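Enquirer: I'd like to ask you about the structure that follows.
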Amino acid sequence: MSLEIQSEYLKLQEQKESNARAYPRHFPLVISKAKGMIVTDTEGRQYYDCLAGAGTLALGHNPDVVVEAIREMLDQQIPLHTLDLATPLKLAFMEELFSLLPEQMRDHAKIQFCGPTGADAVEAAIKLVKTATGGRSILAFHGSYHGSTQATMAMSGNLSKKQHLQSLLPDVHFLPFPYEYRCPFGVGGEMTAQLSAQYIEHVLDDCESGIAAPCGVIVETVQGEGGAIPAQIEWLRELRRITAERGIPLIIDEVQTGFGRTGRMFSFEHAGIVPDVIICSKAVGGSLPMSVILYKEELDRWQPGAHTGTFRGNQMAMATGLATLRYLREQRVLDNVQQRSQQMMTRLRSLQAIIPAIGDVRGRGLMIGIEMVEPSGTPDRLQHFPASGRIAEAVQRRCFANGMIIEVGGRHSSVLRFLPPLVITEQETETVLRIFERSIYEALAELAEQ
């Protein structure tokens, strides 16, 4: 295909697609095919995909096991759409999911199939705990992201997406997340998590807190869109203790972290805790639209039809999801996640030691963030330089020019985020790191000339 035709495609997208489009603004390409972690555009240019459908493509693009599952399903004439009616495939998918739960929860859990987006599962989780507890207030965290519906935006920290919207979900209250690098208490280190936990406990016990009848606490164990910020393990344990002692359901949003992304099947497993509600999407559908909530059976107090959705019976997503979950388990993919994570973190931290514009390198598993800073700016009280979306954008742009797709996020869009497929190889990881290192030096040189 000629460059002129590809340019016409991009022009048509810009003219006809909503102004809300996001990724095409950073990655002006027309994709013709993709395999593994390689995306090929219509001009034959190839890119290493470190976005992977925002974490959806656990096994990369078009893995053989997923393609085979789709073909087998079609050959067997399994219905593509069944609402919430039962099929052998659906029951097998459910059994696989339940088998992955902590032992204390496995035999006492329920599942609700939701609409295809993670946001719909978040909405279902909130409706579930409100019905079960009779409470009305939801506690969320600064820097969180739970979706783009009115209710899920109300529970998300990002202000730019909701500041012009009225009548968002009421009774949402925000708590300090243990963000060590930008400590909300101005102390940093281990004290960040300790003070956050103490503050949360105090708020819940304060009869003058202004928060009426909490029905649940919703949290990401690693904030994704917030900038790949991992919650400290001990803080997660404290949060579970605090909520359990007060009978407040703990809802863990595993939409981006779930199914191997952090090196465990569920990210909360690192802390050895058992939540009350688990929100799943992205990887759970094996690259196709799917979302569910898994929860303790004592919360199952809603009436028939309390949460519905036409496409909650997406059988093809169940087939690809089942194939993906089995592959993750049988092929010991989590071992690879841990090895590649160590490979990436070691190299990135060595770059941090010699490049002042890299303020922080953090993450868990293959959910890694590099916070870019302005070394010429005024340090905060922890002596950390201001976040720099300008530098992050320049690095992202150079990465794309050098053949790699990487997203930005976090406050001021200053965090470069790695979300590669969980099956990324050692050699692919080395190539990705070389591209990143080259790109950051090129970006800094370009900015210095401006």
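By order of appearance in the structure tokens: chains A, B, ..., then residues from 1 within every chain, and ligands from 1 in the order shown.
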Applying 9 Å and only C-alpha atoms, which residues near Val217 of chain A remain after dropping the ones on its own chain fewer than 6 positions away? List them as a PyMOL selection string.
Expert: chain A and resi 137-141+243+248-252
Enquirer: The selected residues should be written to file as a PDB file, in the first residue's frame (atoms: C-alpha atoms).
Expert:
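Result file out-v5.pdb:
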```pdb
ATOM      1  CA  SER A 137     -20.363   5.848  50.535  1.00  0.00           C
ATOM      2  CA  ILE A 138     -17.563   4.490  48.389  1.00  0.00           C
ATOM      3  CA  LEU A 139     -13.942   5.024  49.396  1.00  0.00           C
ATOM      4  CA  ALA A 140     -11.469   5.306  46.526  1.00  0.00           C
ATOM      5  CA  PHE A 141      -7.886   6.570  46.207  1.00  0.00           C
ATOM      6  CA  THR A 243     -11.726  -3.169  56.226  1.00  0.00           C
ATOM      7  CA  ILE A 248     -16.450  -3.077  54.899  1.00  0.00           C
ATOM      8  CA  PRO A 249     -16.142  -5.013  51.626  1.00  0.00           C
ATOM      9  CA  LEU A 250     -12.730  -4.671  49.977  1.00  0.00           C
ATOM     10  CA  ILE A 251     -13.045  -4.425  46.193  1.00  0.00           C
ATOM     11  CA  ILE A 252      -9.837  -4.993  44.252  1.00  0.00           C
TER      12      ILE A 252
END
```
Enquirer: For segment 200-211 of chain A, list every protein, DNA or RNA residue within 9 Å, evaluated using only C-alpha atoms, and leave out those in the same chain fewer than 3 positions away; present the list as number ranges by chain.
Expert: A: 137-139, 171-173, 175-176, 195-197, 214, 239, 242-243, 246
Enquirer: Filtering to N, CA and C atoms, could you give me those residues as an mmCIF file, in the first residue's frame?
Expert:
```cif
data_model
loop_
_atom_site.group_PDB
_atom_site.id
_atom_site.type_symbol
_atom_site.label_atom_id
_atom_site.label_comp_id
_atom_site.auth_asym_id
_atom_site.auth_seq_id
_atom_site.Cartn_x
_atom_site.Cartn_y
_atom_site.Cartn_z
ATOM 1 N N SER A 137 -21.619 5.189 50.902
ATOM 2 C CA SER A 137 -20.363 5.848 50.535
ATOM 3 C C SER A 137 -19.340 4.854 50.005
ATOM 4 N N ILE A 138 -18.658 5.275 48.950
ATOM 5 C CA ILE A 138 -17.563 4.490 48.389
ATOM 6 C C ILE A 138 -16.254 5.211 48.692
ATOM 7 N N LEU A 139 -15.264 4.460 49.137
ATOM 8 C CA LEU A 139 -13.942 5.024 49.396
ATOM 9 C C LEU A 139 -13.006 4.589 48.279
ATOM 10 N N ASP A 171 -21.348 10.600 46.966
ATOM 11 C CA ASP A 171 -20.828 9.874 48.128
ATOM 12 C C ASP A 171 -19.573 9.069 47.818
ATOM 13 N N VAL A 172 -18.705 9.632 46.980
ATOM 14 C CA VAL A 172 -17.385 9.047 46.744
ATOM 15 C C VAL A 172 -16.365 9.886 47.492
ATOM 16 N N HIS A 173 -15.533 9.242 48.279
ATOM 17 C CA HIS A 173 -14.537 9.945 49.082
ATOM 18 C C HIS A 173 -13.155 9.374 48.788
ATOM 19 N N LEU A 175 -9.043 8.745 49.406
ATOM 20 C CA LEU A 175 -8.039 8.505 50.446
ATOM 21 C C LEU A 175 -6.644 8.578 49.831
ATOM 22 N N PRO A 176 -5.611 8.815 50.630
ATOM 23 C CA PRO A 176 -4.241 8.903 50.098
ATOM 24 C C PRO A 176 -3.664 7.536 49.763
ATOM 25 N N LEU A 195 1.713 5.914 57.262
ATOM 26 C CA LEU A 195 0.832 7.057 57.510
ATOM 27 C C LEU A 195 -0.481 6.921 56.758
ATOM 28 N N SER A 196 -0.429 6.384 55.527
ATOM 29 C CA SER A 196 -1.652 6.181 54.762
ATOM 30 C C SER A 196 -2.591 5.224 55.488
ATOM 31 N N ALA A 197 -2.054 4.107 55.959
ATOM 32 C CA ALA A 197 -2.881 3.122 56.664
ATOM 33 C C ALA A 197 -3.451 3.711 57.953
ATOM 34 N N PRO A 214 -19.961 3.702 54.910
ATOM 35 C CA PRO A 214 -19.215 3.160 53.763
ATOM 36 C C PRO A 214 -19.757 1.791 53.352
ATOM 37 N N LEU A 239 -4.692 -2.646 54.847
ATOM 38 C CA LEU A 239 -5.985 -2.251 54.295
ATOM 39 C C LEU A 239 -6.992 -3.383 54.428
ATOM 40 N N ILE A 242 -7.970 -3.553 58.171
ATOM 41 C CA ILE A 242 -8.810 -2.422 58.552
ATOM 42 C C ILE A 242 -10.231 -2.606 58.042
ATOM 43 N N THR A 243 -10.385 -2.996 56.791
ATOM 44 C CA THR A 243 -11.726 -3.169 56.226
ATOM 45 C C THR A 243 -12.429 -4.393 56.809
ATOM 46 N N ARG A 246 -13.964 -3.903 60.243
ATOM 47 C CA ARG A 246 -15.119 -3.000 60.265
ATOM 48 C C ARG A 246 -16.250 -3.478 59.352
#
```
Enquirer: Skip Ala125 of chain A itself and residues of its chain fewer than 3 positions away, then list as number ranges by chain all residues within 12 Å of it, counting only C-alpha atoms.
Expert: A: 111-114, 118-122, 128-132, 138, 146, 151-152, 215-218, 249-253, 276-280, 291-296, 299-300, 302, 306-307
Enquirer: Could you make a table, as a tab-separated table, of the residues of segment 244-325 of chain A that have an atom within 10 Å of an atom of segment 67-86 of chain A, each with its nearest atom pair and distance in Å to one decimal, counting only C-alpha atoms, in chain and number order?
Expert:
```
residue	atom	partner	partner_atom	distance
A:Thr308	CA	A:Asp84	CA	8.8
A:Gly309	CA	A:Leu83	CA	7.8
A:Thr310	CA	A:Leu83	CA	5.9
A:Phe311	CA	A:Leu83	CA	6.3
A:Arg312	CA	A:Leu83	CA	5.8
A:Gly313	CA	A:Leu83	CA	4.3
A:Asn314	CA	A:His81	CA	5.4
A:Gln315	CA	A:Leu80	CA	5.2
A:Met316	CA	A:Leu80	CA	6.0
A:Ala317	CA	A:Ile70	CA	8.8
A:Met318	CA	A:Ala69	CA	9.7
A:Ala319	CA	A:Ala69	CA	6.0
A:Thr320	CA	A:Ala69	CA	5.9
A:Gly321	CA	A:Ala69	CA	9.2
A:Leu322	CA	A:Ala69	CA	8.7
A:Ala323	CA	A:Ala69	CA	6.6
A:Thr324	CA	A:Ala69	CA	9.4
```
Enquirer: Go through A:Glu426, A:Asp360, A:Glu393, A:Asp380 and flag the residue nearest Tyr181 of chain A, using only C-alpha atoms for the distances.
Expert: A:Asp360
Enquirer: Smallest atom-to-atom distance to Gly410 of chain A: which of A:Glu190, A:Glu245, A:Glu269, A:Glu225, using only C-alpha atoms?
Expert: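 Of the candidates, the smallest distance to Gly410 of chain A is held by A:Glu225.
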Enquirer: Got a sec to tell me which of segment 239-385 of chain A DSSP assigns to strand (DSSP E), as a PyMOL selection string?
Expert: chain A and resi 250-253+277-280+292-296+358-364+367-372
Enquirer: Dump C-alpha atoms for the selected residues as a short mmCIF file (atom, residue, chain, number, x, y, z; two decimals), in the first residue's frame?
Expert:
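That gives us result.cif:
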```cif
data_model
loop_
_atom_site.label_atom_id
_atom_site.label_comp_id
_atom_site.auth_asym_id
_atom_site.auth_seq_id
_atom_site.Cartn_x
_atom_site.Cartn_y
_atom_site.Cartn_z
CA LEU A 250 -12.73 -4.67 49.98
CA ILE A 251 -13.04 -4.42 46.19
CA ILE A 252 -9.84 -4.99 44.25
CA ASP A 253 -9.78 -3.73 40.69
CA VAL A 277 -14.85 -8.60 45.38
CA ILE A 278 -12.47 -9.01 42.41
CA ILE A 279 -13.04 -7.02 39.22
CA CYS A 280 -11.69 -8.67 36.05
CA VAL A 292 -16.69 -10.34 35.27
CA ILE A 293 -16.76 -9.86 38.99
CA LEU A 294 -15.91 -12.65 41.41
CA TYR A 295 -17.11 -12.19 44.97
CA LYS A 296 -17.83 -13.89 48.28
CA ILE A 358 14.62 9.74 35.00
CA GLY A 359 13.17 10.47 38.41
CA ASP A 360 11.72 7.11 39.37
CA VAL A 361 11.56 3.54 38.07
CA ARG A 362 8.83 1.43 39.63
CA GLY A 363 6.26 -1.26 39.07
CA ARG A 364 5.49 -4.90 39.68
CA MET A 367 3.68 -3.32 34.70
CA ILE A 368 6.53 -0.84 34.81
CA GLY A 369 6.61 2.96 34.95
CA ILE A 370 9.45 5.44 34.38
CA GLU A 371 8.62 8.89 35.75
CA MET A 372 10.36 11.65 33.81
#
```
Enquirer: For Ala394 of chain A, list every protein, DNA or RNA residue within 8 Å, evaluated using only C-alpha atoms, and leave out those in the same chain fewer than 3 positions away; present the list as a VMD selection string.
Expert: chain A and resid 390 to 391 397 to 398 443 to 444 447
Enquirer: Considering only helix (DSSP H, G or I) as DSSP defines it on the backbone, what residues of segment 150-187 of chain A qualify? List them as a list in words.
Expert: Gln150, Ala151, Thr152, Met153 and Ala154 of chain A
Enquirer: Can you pull out every residue within 12 Å of Ser7 of chain A, counting only C-alpha atoms, but drop anything in the same chain fewer than 3 positions away, and send it as number ranges by chain?
Expert: A: 1-4, 10-14, 28-30, 41-43
Enquirer: Those same residues - C-alpha atoms - I'd like them written as a PDB file, in the first residue's frame.
Expert:
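Final file, part_18.pdb:
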```pdb
ATOM      1  CA  MET A   1       0.000   0.000   0.000  1.00  0.00           C
ATOM      2  CA  SER A   2       1.370   3.436  -0.891  1.00  0.00           C
ATOM      3  CA  LEU A   3       2.195   6.078   1.658  1.00  0.00           C
ATOM      4  CA  GLU A   4      -0.447   8.304   0.089  1.00  0.00           C
ATOM      5  CA  LEU A  10      -5.304   8.601   8.790  1.00  0.00           C
ATOM      6  CA  LYS A  11      -6.924  11.732   7.388  1.00  0.00           C
ATOM      7  CA  LEU A  12     -10.311   9.983   7.234  1.00  0.00           C
ATOM      8  CA  GLN A  13      -9.938   8.825  10.830  1.00  0.00           C
ATOM      9  CA  GLU A  14      -9.150  12.355  11.953  1.00  0.00           C
ATOM     10  CA  PRO A  28      -0.156   7.690  13.634  1.00  0.00           C
ATOM     11  CA  LEU A  29      -0.159   4.320  11.908  1.00  0.00           C
ATOM     12  CA  VAL A  30      -2.600   2.066  10.064  1.00  0.00           C
ATOM     13  CA  ASP A  41       1.590  -1.142   9.391  1.00  0.00           C
ATOM     14  CA  THR A  42       0.308  -0.894   5.843  1.00  0.00           C
ATOM     15  CA  GLU A  43       3.709   0.351   4.673  1.00  0.00           C
TER      16      GLU A  43
END
```
Enquirer: When you look at Ser414 of chain A with a cut-off of 7 Å (counting only C-alpha atoms), what residues show up, excluding the ones that are within fewer than 5 positions of it in the same chain? I need them as a ChimeraX atom specification.
Expert: /A:371-372,387-389,392,408-409
Enquirer: For segment 220-222 of chain A, work out the shell of residues within 8 Å, counting only C-alpha atoms and skipping chain neighbours fewer than 4 positions away, then give it as a PyMOL selection string.
Expert: chain A and resi 144+228-231+236+252-254+257+267-268+363-364
Enquirer: Next, the residues of the selection above should be written as a compact mmCIF listing (two decimals), in the first residue's frame with N, CA and C atoms.
Expert:
```txt
# COMPACT_ATOMS: atom_id res chain seq x y z
N SER A 144 -6.31 7.02 41.31
CA SER A 144 -6.95 5.79 40.82
C SER A 144 -7.58 6.00 39.45
N ALA A 228 1.67 3.46 37.03
CA ALA A 228 2.35 2.22 37.45
C ALA A 228 2.90 2.34 38.86
N ILE A 229 2.04 2.74 39.78
CA ILE A 229 2.44 2.93 41.18
C ILE A 229 2.02 1.70 41.98
N PRO A 230 2.98 0.91 42.47
CA PRO A 230 2.61 -0.27 43.26
C PRO A 230 2.36 0.07 44.71
N ALA A 231 1.29 -0.47 45.26
CA ALA A 231 1.05 -0.34 46.69
C ALA A 231 1.99 -1.28 47.43
N LEU A 236 -1.15 -3.19 51.80
CA LEU A 236 -2.30 -3.97 51.34
C LEU A 236 -2.82 -4.86 52.46
N ILE A 252 -11.12 -5.18 44.92
CA ILE A 252 -9.84 -4.99 44.25
C ILE A 252 -10.05 -5.00 42.74
N ASP A 253 -9.65 -3.90 42.13
CA ASP A 253 -9.78 -3.73 40.69
C ASP A 253 -8.57 -4.39 40.02
N GLU A 254 -8.80 -5.57 39.43
CA GLU A 254 -7.75 -6.33 38.76
C GLU A 254 -7.86 -6.22 37.25
N THR A 257 -4.21 -5.40 36.23
CA THR A 257 -3.20 -6.22 36.91
C THR A 257 -3.48 -7.71 36.83
N SER A 267 -3.01 -9.88 41.35
CA SER A 267 -1.97 -9.05 41.97
C SER A 267 -2.06 -9.03 43.49
N PHE A 268 -3.25 -9.22 44.05
CA PHE A 268 -3.38 -9.20 45.51
C PHE A 268 -2.71 -10.40 46.16
N GLY A 363 7.23 -0.35 39.65
CA GLY A 363 6.26 -1.26 39.07
C GLY A 363 6.27 -2.60 39.76
N ARG A 364 5.54 -3.52 39.17
CA ARG A 364 5.49 -4.90 39.68
C ARG A 364 5.24 -5.80 38.49
```
Enquirer: Compare A:Arg438, A:His108, A:Leu351, A:Ala283 by their minimum atom-to-atom distance to Phe266 of chain A, counting only C-alpha atoms, and give me the closest one.
Expert: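 Looking at the shortest contact to Phe266 of chain A, the residue is A:Ala283.
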